[in-house]
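Peer 1: Pasting upload07.pdb here (PDB, C-alpha atoms, pLDDT in the B column):
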ATOM      1  CA  MET E   1      83.756-126.037 -35.808  1.00 64.00           C
ATOM      2  CA  ARG E   2      82.447-123.947 -38.694  1.00 69.00           C
ATOM      3  CA  LEU E   3      80.991-121.458 -36.213  1.00 74.00           C
ATOM      4  CA  ILE E   4      84.442-121.003 -34.701  1.00 81.00           C
ATOM      5  CA  GLU E   5      85.820-120.345 -38.170  1.00 78.00           C
ATOM      6  CA  SER E   6      83.002-117.863 -38.817  1.00 78.00           C
ATOM      7  CA  PHE E   7      83.862-116.106 -35.542  1.00 80.00           C
ATOM      8  CA  LYS E   8      87.514-115.817 -36.556  1.00 80.00           C
ATOM      9  CA  ILE E   9      86.588-114.456 -39.994  1.00 83.00           C
ATOM     10  CA  ALA E  10      84.288-111.812 -38.487  1.00 80.00           C
ATOM     11  CA  PHE E  11      86.872-110.593 -35.983  1.00 84.00           C
ATOM     12  CA  SER E  12      89.792-110.728 -38.421  1.00 83.00           C
ATOM     13  CA  MET E  13      87.781-108.670 -40.928  1.00 84.00           C
ATOM     14  CA  TYR E  14      86.063-106.158 -38.668  1.00 86.00           C
ATOM     15  CA  SER E  15      88.584-105.691 -35.870  1.00 85.00           C
ATOM     16  CA  SER E  16      92.308-105.303 -35.341  1.00 84.00           C
ATOM     17  CA  ILE E  17      92.258-107.989 -32.630  1.00 82.00           C
ATOM     18  CA  PRO E  18      94.721-110.758 -33.628  1.00 83.00           C
ATOM     19  CA  MET E  19      92.948-113.946 -34.694  1.00 79.00           C
ATOM     20  CA  PRO E  20      94.190-117.424 -35.652  1.00 80.00           C
ATOM     21  CA  TYR E  21      94.158-118.286 -39.355  1.00 74.00           C
ATOM     22  CA  ALA E  22      90.764-119.112 -40.869  1.00 70.00           C
ATOM     23  CA  ASP E  23      89.943-120.406 -44.327  1.00 69.00           C
ATOM     24  CA  TRP E  24      87.664-117.881 -46.054  1.00 69.00           C
ATOM     25  CA  ASN E  25      85.536-120.387 -47.921  1.00 68.00           C
ATOM     26  CA  LYS E  26      81.778-120.254 -48.511  1.00 71.00           C
ATOM     27  CA  GLN E  27      80.966-122.686 -45.733  1.00 70.00           C
ATOM     28  CA  ASN E  28      82.945-120.777 -43.111  1.00 67.00           C
ATOM     29  CA  MET E  29      81.555-117.417 -44.249  1.00 73.00           C
ATOM     30  CA  LYS E  30      77.900-118.472 -43.970  1.00 73.00           C
ATOM     31  CA  TYR E  31      77.497-117.203 -40.422  1.00 77.00           C
ATOM     32  CA  ALA E  32      80.384-114.730 -40.175  1.00 80.00           C
ATOM     33  CA  ILE E  33      77.952-111.797 -40.080  1.00 83.00           C
ATOM     34  CA  CYS E  34      76.313-113.301 -36.974  1.00 84.00           C
ATOM     35  CA  PHE E  35      79.529-112.669 -35.042  1.00 86.00           C
ATOM     36  CA  PHE E  36      80.128-109.173 -36.414  1.00 89.00           C
ATOM     37  CA  PRO E  37      78.066-107.440 -33.649  1.00 92.00           C
ATOM     38  CA  LEU E  38      80.267-109.074 -31.012  1.00 93.00           C
ATOM     39  CA  VAL E  39      83.114-106.781 -32.073  1.00 93.00           C
ATOM     40  CA  GLY E  40      81.215-104.076 -30.191  1.00 93.00           C
ATOM     41  CA  ILE E  41      81.768-105.897 -26.888  1.00 94.00           C
ATOM     42  CA  PRO E  42      85.543-105.277 -26.573  1.00 94.00           C
ATOM     43  CA  ILE E  43      84.963-101.643 -27.572  1.00 95.00           C
ATOM     44  CA  GLY E  44      82.417-101.199 -24.780  1.00 94.00           C
ATOM     45  CA  LEU E  45      84.592-103.034 -22.253  1.00 94.00           C
ATOM     46  CA  LEU E  46      87.654-100.956 -23.081  1.00 95.00           C
ATOM     47  CA  GLN E  47      85.681 -97.733 -22.784  1.00 94.00           C
ATOM     48  CA  TRP E  48      84.265 -98.872 -19.441  1.00 94.00           C
ATOM     49  CA  PHE E  49      87.825 -99.655 -18.263  1.00 94.00           C
ATOM     50  CA  TRP E  50      89.018 -96.237 -19.460  1.00 94.00           C
ATOM     51  CA  SER E  51      86.149 -94.521 -17.634  1.00 93.00           C
ATOM     52  CA  TRP E  52      87.247 -96.276 -14.435  1.00 93.00           C
ATOM     53  CA  ILE E  53      90.874 -95.197 -14.987  1.00 94.00           C
ATOM     54  CA  SER E  54      89.803 -91.618 -15.755  1.00 91.00           C
ATOM     55  CA  LYS E  55      87.735 -91.388 -12.601  1.00 89.00           C
ATOM     56  CA  THR E  56      90.315 -93.087 -10.374  1.00 90.00           C
ATOM     57  CA  ALA E  57      93.249 -91.040 -11.667  1.00 92.00           C
ATOM     58  CA  SER E  58      91.243 -87.794 -11.955  1.00 88.00           C
ATOM     59  CA  ILE E  59      92.173 -87.453 -15.616  1.00 91.00           C
ATOM     60  CA  GLY E  60      91.066 -84.204 -17.268  1.00 90.00           C
ATOM     61  CA  VAL E  61      88.100 -83.892 -19.608  1.00 91.00           C
ATOM     62  CA  VAL E  62      90.167 -83.249 -22.736  1.00 93.00           C
ATOM     63  CA  LEU E  63      92.444 -86.300 -22.455  1.00 94.00           C
ATOM     64  CA  SER E  64      89.557 -88.466 -21.338  1.00 94.00           C
ATOM     65  CA  ALA E  65      87.416 -87.429 -24.327  1.00 94.00           C
ATOM     66  CA  VAL E  66      90.285 -87.954 -26.778  1.00 95.00           C
ATOM     67  CA  VAL E  67      90.819 -91.548 -25.623  1.00 95.00           C
ATOM     68  CA  PHE E  68      87.082 -92.295 -25.667  1.00 95.00           C
ATOM     69  CA  THR E  69      86.973 -90.978 -29.245  1.00 95.00           C
ATOM     70  CA  LEU E  70      89.898 -93.104 -30.392  1.00 94.00           C
ATOM     71  CA  ILE E  71      89.097 -96.428 -28.691  1.00 95.00           C
ATOM     72  CA  PRO E  72      86.617 -97.626 -31.361  1.00 93.00           C
ATOM     73  CA  PHE E  73      89.179 -96.911 -34.075  1.00 92.00           C
ATOM     74  CA  PHE E  74      91.921 -98.787 -32.232  1.00 91.00           C
ATOM     75  CA  ILE E  75      89.691-101.854 -31.975  1.00 93.00           C
ATOM     76  CA  THR E  76      88.297-101.753 -35.523  1.00 91.00           C
ATOM     77  CA  GLY E  77      91.459-100.633 -37.267  1.00 88.00           C
ATOM     78  CA  GLY E  78      89.475 -97.837 -38.914  1.00 84.00           C
ATOM     79  CA  ILE E  79      87.704-100.131 -41.398  1.00 87.00           C
ATOM     80  CA  HIS E  80      84.343 -98.415 -40.951  1.00 88.00           C
ATOM     81  CA  MET E  81      85.851 -94.932 -41.088  1.00 89.00           C
ATOM     82  CA  ASP E  82      87.342 -95.889 -44.448  1.00 87.00           C
ATOM     83  CA  GLY E  83      83.812 -96.580 -45.680  1.00 86.00           C
ATOM     84  CA  PHE E  84      82.621 -93.308 -44.154  1.00 89.00           C
ATOM     85  CA  CYS E  85      85.288 -91.330 -46.014  1.00 89.00           C
ATOM     86  CA  ASP E  86      84.608 -93.057 -49.346  1.00 87.00           C
ATOM     87  CA  THR E  87      80.871 -92.442 -48.967  1.00 89.00           C
ATOM     88  CA  VAL E  88      81.349 -88.765 -48.122  1.00 88.00           C
ATOM     89  CA  ASP E  89      83.454 -88.407 -51.272  1.00 87.00           C
ATOM     90  CA  ALA E  90      80.826 -90.140 -53.392  1.00 86.00           C
ATOM     91  CA  LEU E  91      77.887 -88.182 -51.984  1.00 86.00           C
ATOM     92  CA  SER E  92      79.752 -84.888 -52.334  1.00 85.00           C
ATOM     93  CA  SER E  93      80.444 -85.535 -56.006  1.00 82.00           C
ATOM     94  CA  HIS E  94      76.754 -85.155 -56.985  1.00 81.00           C
ATOM     95  CA  GLN E  95      77.428 -87.448 -59.930  1.00 84.00           C
ATOM     96  CA  THR E  96      75.391 -90.266 -61.442  1.00 85.00           C
ATOM     97  CA  THR E  97      74.836 -93.519 -59.542  1.00 82.00           C
ATOM     98  CA  GLU E  98      77.419 -95.312 -61.689  1.00 83.00           C
ATOM     99  CA  ARG E  99      80.022 -92.608 -61.062  1.00 86.00           C
ATOM    100  CA  LYS E 100      79.317 -92.637 -57.310  1.00 82.00           C
ATOM    101  CA  LEU E 101      79.912 -96.395 -57.227  1.00 81.00           C
ATOM    102  CA  GLU E 102      83.193 -95.856 -59.065  1.00 80.00           C
ATOM    103  CA  ILE E 103      84.239 -93.271 -56.464  1.00 78.00           C
ATOM    104  CA  LEU E 104      83.497 -95.784 -53.695  1.00 79.00           C
ATOM    105  CA  LYS E 105      85.969 -98.192 -55.322  1.00 79.00           C
ATOM    106  CA  ASP E 106      88.639 -95.530 -55.850  1.00 73.00           C
ATOM    107  CA  SER E 107      91.551 -96.055 -53.453  1.00 73.00           C
ATOM    108  CA  HIS E 108      92.443 -92.345 -53.504  1.00 75.00           C
ATOM    109  CA  THR E 109      91.182 -90.055 -50.741  1.00 76.00           C
ATOM    110  CA  GLY E 110      89.396 -86.921 -51.887  1.00 78.00           C
ATOM    111  CA  ALA E 111      89.207 -83.513 -50.235  1.00 83.00           C
ATOM    112  CA  PHE E 112      85.638 -84.060 -49.055  1.00 85.00           C
ATOM    113  CA  ALA E 113      86.627 -87.329 -47.372  1.00 86.00           C
ATOM    114  CA  ILE E 114      89.386 -85.583 -45.408  1.00 90.00           C
ATOM    115  CA  MET E 115      87.085 -82.745 -44.389  1.00 91.00           C
ATOM    116  CA  GLY E 116      84.357 -85.199 -43.400  1.00 89.00           C
ATOM    117  CA  CYS E 117      86.791 -87.235 -41.316  1.00 92.00           C
ATOM    118  CA  VAL E 118      88.059 -84.129 -39.499  1.00 93.00           C
ATOM    119  CA  VAL E 119      84.521 -82.936 -38.795  1.00 94.00           C
ATOM    120  CA  TYR E 120      83.543 -86.388 -37.531  1.00 95.00           C
ATOM    121  CA  PHE E 121      86.437 -86.617 -35.067  1.00 95.00           C
ATOM    122  CA  LEU E 122      85.930 -83.070 -33.832  1.00 95.00           C
ATOM    123  CA  LEU E 123      82.209 -83.624 -33.289  1.00 96.00           C
ATOM    124  CA  CYS E 124      82.812 -86.963 -31.575  1.00 95.00           C
ATOM    125  CA  PHE E 125      85.405 -85.386 -29.291  1.00 96.00           C
ATOM    126  CA  ALA E 126      83.072 -82.491 -28.484  1.00 96.00           C
ATOM    127  CA  LEU E 127      80.217 -84.846 -27.606  1.00 96.00           C
ATOM    128  CA  TRP E 128      82.401 -86.965 -25.326  1.00 95.00           C
ATOM    129  CA  SER E 129      83.551 -83.746 -23.646  1.00 94.00           C
ATOM    130  CA  GLU E 130      79.923 -82.784 -22.953  1.00 94.00           C
ATOM    131  CA  LEU E 131      78.837 -86.203 -21.697  1.00 92.00           C
ATOM    132  CA  GLN E 132      78.024 -86.533 -17.991  1.00 88.00           C
ATOM    133  CA  PHE E 133      79.807 -89.744 -17.109  1.00 83.00           C
ATOM    134  CA  ASP E 134      78.530 -92.553 -14.945  1.00 85.00           C
ATOM    135  CA  THR E 135      78.548 -96.335 -15.231  1.00 87.00           C
ATOM    136  CA  THR E 136      75.036 -96.476 -16.685  1.00 92.00           C
ATOM    137  CA  VAL E 137      75.869 -94.119 -19.554  1.00 94.00           C
ATOM    138  CA  ILE E 138      79.027 -96.038 -20.445  1.00 94.00           C
ATOM    139  CA  LEU E 139      77.101 -99.328 -20.413  1.00 94.00           C
ATOM    140  CA  ILE E 140      74.348 -97.938 -22.664  1.00 96.00           C
ATOM    141  CA  LEU E 141      76.926 -96.717 -25.166  1.00 95.00           C
ATOM    142  CA  GLY E 142      78.729-100.059 -24.906  1.00 95.00           C
ATOM    143  CA  VAL E 143      75.523-101.893 -25.816  1.00 96.00           C
ATOM    144  CA  GLY E 144      75.097 -99.322 -28.585  1.00 96.00           C
ATOM    145  CA  TYR E 145      78.225-100.615 -30.311  1.00 96.00           C
ATOM    146  CA  VAL E 146      76.586-104.036 -30.502  1.00 96.00           C
ATOM    147  CA  LEU E 147      73.269-102.543 -31.653  1.00 96.00           C
ATOM    148  CA  SER E 148      74.851-100.535 -34.471  1.00 95.00           C
ATOM    149  CA  ARG E 149      76.626-103.648 -35.761  1.00 94.00           C
ATOM    150  CA  SER E 150      73.476-105.742 -35.454  1.00 94.00           C
ATOM    151  CA  LEU E 151      71.591-103.218 -37.593  1.00 94.00           C
ATOM    152  CA  SER E 152      74.469-103.111 -40.059  1.00 91.00           C
ATOM    153  CA  GLY E 153      74.542-106.919 -40.193  1.00 88.00           C
ATOM    154  CA  PHE E 154      70.801-107.000 -40.795  1.00 89.00           C
ATOM    155  CA  SER E 155      71.224-104.614 -43.730  1.00 87.00           C
ATOM    156  CA  VAL E 156      73.859-106.884 -45.286  1.00 84.00           C
ATOM    157  CA  VAL E 157      71.332-109.699 -45.720  1.00 83.00           C
ATOM    158  CA  GLY E 158      68.175-107.570 -45.805  1.00 82.00           C
ATOM    159  CA  PHE E 159      69.045-104.748 -48.210  1.00 82.00           C
ATOM    160  CA  ARG E 160      69.627-104.948 -51.946  1.00 78.00           C
ATOM    161  CA  CYS E 161      73.318-104.917 -52.888  1.00 80.00           C
ATOM    162  CA  ALA E 162      74.295-102.074 -55.200  1.00 71.00           C
ATOM    163  CA  LYS E 163      76.741-104.312 -57.060  1.00 68.00           C
ATOM    164  CA  ASN E 164      77.468-108.008 -57.450  1.00 66.00           C
ATOM    165  CA  SER E 165      81.134-107.707 -56.516  1.00 56.00           C
ATOM    166  CA  GLY E 166      82.927-106.580 -53.390  1.00 54.00           C
ATOM    167  CA  LEU E 167      83.242-107.872 -49.853  1.00 56.00           C
ATOM    168  CA  LEU E 168      79.698-107.083 -48.744  1.00 57.00           C
ATOM    169  CA  ALA E 169      78.267-108.887 -51.762  1.00 56.00           C
ATOM    170  CA  SER E 170      80.441-111.892 -50.913  1.00 56.00           C
ATOM    171  CA  PHE E 171      79.177-111.969 -47.326  1.00 56.00           C
ATOM    172  CA  SER E 172      75.594-111.493 -48.487  1.00 56.00           C
ATOM    173  CA  GLU E 173      75.783-114.283 -51.060  1.00 57.00           C
ATOM    174  CA  THR E 174      77.341-116.813 -48.709  1.00 57.00           C
ATOM    175  CA  ALA E 175      75.249-115.917 -45.668  1.00 56.00           C
ATOM    176  CA  GLN E 176      72.283-118.058 -44.699  1.00 69.00           C
ATOM    177  CA  LYS E 177      70.046-115.040 -45.017  1.00 73.00           C
ATOM    178  CA  ARG E 178      67.026-116.258 -43.081  1.00 79.00           C
ATOM    179  CA  ASN E 179      69.098-117.519 -40.156  1.00 82.00           C
ATOM    180  CA  VAL E 180      71.284-114.411 -40.113  1.00 84.00           C
ATOM    181  CA  LYS E 181      68.203-112.155 -40.118  1.00 86.00           C
ATOM    182  CA  ILE E 182      66.801-114.070 -37.151  1.00 89.00           C
ATOM    183  CA  ALA E 183      70.121-113.828 -35.289  1.00 88.00           C
ATOM    184  CA  MET E 184      70.408-110.103 -35.975  1.00 91.00           C
ATOM    185  CA  GLY E 185      66.793-109.570 -34.931  1.00 93.00           C
ATOM    186  CA  ILE E 186      67.377-111.364 -31.630  1.00 94.00           C
ATOM    187  CA  LEU E 187      70.500-109.309 -30.945  1.00 95.00           C
ATOM    188  CA  ILE E 188      68.656-106.089 -31.778  1.00 96.00           C
ATOM    189  CA  VAL E 189      65.867-106.917 -29.325  1.00 96.00           C
ATOM    190  CA  ILE E 190      68.377-107.888 -26.623  1.00 96.00           C
ATOM    191  CA  CYS E 191      70.321-104.641 -27.109  1.00 96.00           C
ATOM    192  CA  MET E 192      67.215-102.453 -27.008  1.00 96.00           C
ATOM    193  CA  THR E 193      65.913-104.222 -23.908  1.00 97.00           C
ATOM    194  CA  ALA E 194      69.249-103.845 -22.126  1.00 96.00           C
ATOM    195  CA  MET E 195      69.474-100.144 -22.972  1.00 96.00           C
ATOM    196  CA  LEU E 196      65.962 -99.475 -21.686  1.00 96.00           C
ATOM    197  CA  LEU E 197      66.567-101.453 -18.504  1.00 96.00           C
ATOM    198  CA  LEU E 198      69.749 -99.501 -17.801  1.00 95.00           C
ATOM    199  CA  ASP E 199      67.966 -96.142 -18.155  1.00 94.00           C
ATOM    200  CA  ILE E 200      64.623 -95.817 -19.903  1.00 95.00           C
ATOM    201  CA  CYS E 201      65.120 -92.163 -20.893  1.00 95.00           C
ATOM    202  CA  LEU E 202      68.707 -92.324 -22.127  1.00 95.00           C
ATOM    203  CA  GLY E 203      68.190 -95.785 -23.604  1.00 95.00           C
ATOM    204  CA  PHE E 204      65.116 -94.650 -25.527  1.00 96.00           C
ATOM    205  CA  ALA E 205      66.975 -91.602 -26.864  1.00 96.00           C
ATOM    206  CA  ALA E 206      69.810 -93.801 -28.138  1.00 96.00           C
ATOM    207  CA  ILE E 207      67.394 -96.306 -29.727  1.00 97.00           C
ATOM    208  CA  VAL E 208      65.443 -93.576 -31.529  1.00 97.00           C
ATOM    209  CA  ALA E 209      68.709 -92.102 -32.855  1.00 97.00           C
ATOM    210  CA  ALA E 210      69.847 -95.530 -34.077  1.00 96.00           C
ATOM    211  CA  TYR E 211      66.597 -96.242 -35.912  1.00 94.00           C
ATOM    212  CA  LEU E 212      66.375 -92.795 -37.486  1.00 96.00           C
ATOM    213  CA  THR E 213      69.912 -93.297 -38.772  1.00 96.00           C
ATOM    214  CA  PHE E 214      69.002 -96.767 -40.036  1.00 95.00           C
ATOM    215  CA  PHE E 215      65.992 -95.346 -41.901  1.00 95.00           C
ATOM    216  CA  TYR E 216      68.179 -92.612 -43.433  1.00 94.00           C
ATOM    217  CA  TYR E 217      70.751 -95.240 -44.440  1.00 94.00           C
ATOM    218  CA  ARG E 218      68.096 -97.351 -46.226  1.00 94.00           C
ATOM    219  CA  VAL E 219      66.625 -94.402 -48.123  1.00 93.00           C
ATOM    220  CA  MET E 220      69.978 -92.815 -48.981  1.00 92.00           C
ATOM    221  CA  SER E 221      71.654 -96.031 -50.161  1.00 91.00           C
ATOM    222  CA  TYR E 222      68.770 -96.951 -52.474  1.00 91.00           C
ATOM    223  CA  ARG E 223      68.297 -93.456 -53.896  1.00 90.00           C
ATOM    224  CA  GLN E 224      71.935 -92.524 -54.295  1.00 89.00           C
ATOM    225  CA  PHE E 225      73.576 -95.891 -55.045  1.00 87.00           C
ATOM    226  CA  GLY E 226      70.801 -98.320 -55.978  1.00 88.00           C
ATOM    227  CA  GLY E 227      71.500-100.441 -52.914  1.00 85.00           C
ATOM    228  CA  THR E 228      74.082-100.914 -50.228  1.00 87.00           C
ATOM    229  CA  THR E 229      77.806-101.709 -50.293  1.00 86.00           C
ATOM    230  CA  GLY E 230      80.477-102.413 -47.707  1.00 82.00           C
ATOM    231  CA  ASP E 231      81.502 -98.755 -47.703  1.00 86.00           C
ATOM    232  CA  LEU E 232      77.916 -97.624 -47.149  1.00 91.00           C
ATOM    233  CA  ALA E 233      77.534-100.102 -44.296  1.00 90.00           C
ATOM    234  CA  GLY E 234      80.637 -98.594 -42.684  1.00 91.00           C
ATOM    235  CA  TYR E 235      79.278 -95.093 -43.247  1.00 93.00           C
ATOM    236  CA  PHE E 236      76.027 -96.073 -41.523  1.00 94.00           C
ATOM    237  CA  LEU E 237      77.830 -97.588 -38.544  1.00 94.00           C
ATOM    238  CA  GLN E 238      79.881 -94.429 -37.942  1.00 94.00           C
ATOM    239  CA  ILE E 239      76.837 -92.159 -38.268  1.00 95.00           C
ATOM    240  CA  CYS E 240      74.747 -94.448 -36.054  1.00 96.00           C
ATOM    241  CA  GLU E 241      77.275 -94.473 -33.218  1.00 96.00           C
ATOM    242  CA  ILE E 242      77.850 -90.733 -33.163  1.00 96.00           C
ATOM    243  CA  SER E 243      74.074 -90.192 -33.386  1.00 96.00           C
ATOM    244  CA  MET E 244      73.486 -92.354 -30.312  1.00 96.00           C
ATOM    245  CA  LEU E 245      76.220 -90.483 -28.453  1.00 96.00           C
ATOM    246  CA  GLY E 246      74.689 -87.140 -29.442  1.00 96.00           C
ATOM    247  CA  ALA E 247      71.181 -88.283 -28.458  1.00 96.00           C
ATOM    248  CA  ILE E 248      72.364 -89.250 -24.985  1.00 96.00           C
ATOM    249  CA  VAL E 249      74.161 -85.919 -24.514  1.00 95.00           C
ATOM    250  CA  ILE E 250      70.990 -84.065 -25.511  1.00 95.00           C
ATOM    251  CA  ALA E 251      68.812 -86.260 -23.284  1.00 95.00           C
ATOM    252  CA  GLN E 252      71.072 -85.573 -20.306  1.00 93.00           C
ATOM    253  CA  LYS E 253      70.688 -81.839 -20.795  1.00 86.00           C
ATOM    254  CA  CYS E 254      66.890 -81.908 -21.165  1.00 81.00           C
TER     255      CYS E 254
END
Give the structure from this file in C-alpha cells form.
Peer 2:
Amino acid sequence: MRLIESFKIAFSMYSSIPMPYADWNKQNMKYAICFFPLVGIPIGLLQWFWSWISKTASIGVVLSAVVFTLIPFFITGGIHMDGFCDTVDALSSHQTTERKLEILKDSHTGAFAIMGCVVYFLLCFALWSELQFDTTVILILGVGYVLSRSLSGFSVVGFRCAKNSGLLASFSETAQKRNVKIAMGILIVICMTAMLLLDICLGFAAIVAAYLTFFYYRVMSYRQFGGTTGDLAGYFLQICEISMLGAIVIAQKC
C-alpha cells in the first residue's frame, strides 16, 4: 500500500498527470524517488504515438518537430524547465555560492533564465527537425527519458545536498538511500541494455552523452553550489535529454 502511495507522490510531483490524493508523510515518501523514472514512460509512449500520426498523416517537419519538442513539457508540467531556468540565472550571476543558492530560491525570473529557455527550445526544435525518424530512434529516445530520470534519482540519494531545506532535501532525507540506489542502478542498467539492443551505435552515443552530462552535473553542482538541489536536478535532466537527442542526430550523420 505504501508503494502505491509513493507512486502517486512521484507522479503528482513530477508530472501533470492527474493522480488520486496521497498523504505526503515520511513513510509514503521513502520510495517515491523509485517511481520518478517511470514518468519517462508516458513521455516516450506519447512521442511514439505522435511519430505514428506524423508518418500516417504526412505531417510536415516543422509541425512534427514542434510537437516532439513540447510533449515532455506537457507531461511534466515544466517542473524541470523551472529548475533549468533558475540554474541558468544562478550560474550567470557569477556570485558567491551563498548568493547563487539565494537566486535558486528567488521566485522571480531573470533575463538570463528567459534567454536560456529560448535557446533551449530553439535548439531542441532544431535537433528534432534534423532527426531521421524511425521506430528504433523513437524507442531509444523514449528509454532515454527513463534513463535521465534514473540518473537524476540516483543523484538525489547519492550526491551531497547543497542545503538542508527544500523539496530535494526532503526526498533525500526520507528516502531509504541504499534501497533507492539499488533500484536506480537496476533501472540504469536496464535502460542502457535496452538502448544498445535497439541500436548499438545510436544507443551507445546516447549513453555516452548521458554520462558526460551526469559527470558535468556532479562537478558543476559541487563547485558552484556545494552540492545539489531540486533546481539543479531539473537542470541536469533537461541538459541530459537534449544531449542524448543531439548525440543521436550526430551519430546518424556520421
Peer 1: Have a look at CA of Gly234 (chain E) and CA of Met81 (chain E) and let me know their distance in Å, one decimal.
Peer 2: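 Value for the CA of Gly234 (chain E)-CA of Met81 (chain E) distance: 6.6 Å.
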Peer 1: Could you give me, as CSV, every region 1-63 of chain E residue with an atom at most 12 Å from region 112-125 of chain E, plus its closest atom pair and distance in Å to one decimal, counting all atoms listed in the file, rows ordered by chain then number?
Peer 2:
residue,atom,partner,partner_atom,distance
E:Val61,CA,E:Phe125,CA,10.2
E:Val62,CA,E:Phe125,CA,8.4
E:Leu63,CA,E:Phe125,CA,9.9
Peer 1: Taking the file as shown, find all residues satisfying the PyMOL selection byres ((chain E and resi 54) around 12) and write them as an MDAnalysis selection string.
Peer 2: chainID E and resid 47:53 55:68 133:134
Peer 1: Just to be explicit: take each residue in the selection above, keep C-alpha atoms, and write the result as a compact mmCIF listing (two decimals), in the coordinates of the input.
Peer 2:
# COMPACT_ATOMS: atom_id res chain seq x y z
CA GLN E 47 85.68 -97.73 -22.78
CA TRP E 48 84.26 -98.87 -19.44
CA PHE E 49 87.82 -99.66 -18.26
CA TRP E 50 89.02 -96.24 -19.46
CA SER E 51 86.15 -94.52 -17.63
CA TRP E 52 87.25 -96.28 -14.44
CA ILE E 53 90.87 -95.20 -14.99
CA LYS E 55 87.74 -91.39 -12.60
CA THR E 56 90.32 -93.09 -10.37
CA ALA E 57 93.25 -91.04 -11.67
CA SER E 58 91.24 -87.79 -11.96
CA ILE E 59 92.17 -87.45 -15.62
CA GLY E 60 91.07 -84.20 -17.27
CA VAL E 61 88.10 -83.89 -19.61
CA VAL E 62 90.17 -83.25 -22.74
CA LEU E 63 92.44 -86.30 -22.46
CA SER E 64 89.56 -88.47 -21.34
CA ALA E 65 87.42 -87.43 -24.33
CA VAL E 66 90.28 -87.95 -26.78
CA VAL E 67 90.82 -91.55 -25.62
CA PHE E 68 87.08 -92.30 -25.67
CA PHE E 133 79.81 -89.74 -17.11
CA ASP E 134 78.53 -92.55 -14.94
Peer 1: Which one of E:Met184, E:Ala251, E:Lys30, E:Gly227 sits closest to Asp199 (chain E) if you count all atoms listed in the file?
Peer 2: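 Comparing E:Met184, E:Ala251, E:Lys30, E:Gly227 against Asp199 (chain E), the winner is E:Ala251.
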Peer 1: So the first atom is CA of Ile17 (chain E) and the second is CA of Leu151 (chain E); what is the distance between them in Å, to one decimal place?
Peer 2: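 CA of Leu151 (chain E) lies 21.8 Å from CA of Ile17 (chain E).
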Peer 1: Taking into account only C-alpha atoms, which residue in the set E:Glu102, E:Ile75, E:Ile43, E:Tyr235 is nearest to Val143 (chain E)?
Peer 2: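 Closest candidate: E:Ile43.
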Peer 1: For a quick check of understanding, using all atoms listed in the file, which of E:Thr109, E:Gln238, E:Gln252, E:Ser129 has the smallest distance to Ala90 (chain E)?
Peer 2: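 Looking at the shortest contact to Ala90 (chain E), the residue is E:Thr109.
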Peer 1: Quick one: residues within 12 Å of His94 (chain E), only C-alpha atoms counted, chain neighbours fewer than 6 positions away excluded, as a list in words?
Peer 2: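 Near His94 (chain E), the qualifying residues are Thr87, Val88, Lys100, Leu101, Ile103, Phe112, Gln224 and Phe225 of chain E.
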Peer 1: Using the selection just defined, write its residues with C-alpha atoms as a short mmCIF file (atom, residue, chain, number, x, y, z; two decimals), keeping the file's coordinate frame.
Peer 2:
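File written: part_0.cif
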data_model
loop_
_atom_site.label_atom_id
_atom_site.label_comp_id
_atom_site.auth_asym_id
_atom_site.auth_seq_id
_atom_site.Cartn_x
_atom_site.Cartn_y
_atom_site.Cartn_z
CA THR E 87 80.87 -92.44 -48.97
CA VAL E 88 81.35 -88.76 -48.12
CA LYS E 100 79.32 -92.64 -57.31
CA LEU E 101 79.91 -96.40 -57.23
CA ILE E 103 84.24 -93.27 -56.46
CA PHE E 112 85.64 -84.06 -49.06
CA GLN E 224 71.94 -92.52 -54.30
CA PHE E 225 73.58 -95.89 -55.04
#
Peer 1: Can you list, as a short mmCIF file (atom, residue, chain, number, x, y, z; two decimals) with C-alpha atoms, in the frame of the given file, every protein, DNA or RNA residue that comes within 7 Å of Ala183 (chain E) when you count all atoms listed in the file, leaving out same-chain residues fewer than 4 positions away?
Peer 2:
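Once everything was written out, this is selection-v8.cif:
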data_model
loop_
_atom_site.label_atom_id
_atom_site.label_comp_id
_atom_site.auth_asym_id
_atom_site.auth_seq_id
_atom_site.Cartn_x
_atom_site.Cartn_y
_atom_site.Cartn_z
CA CYS E 34 76.31 -113.30 -36.97
CA ASN E 179 69.10 -117.52 -40.16
CA LEU E 187 70.50 -109.31 -30.94
#
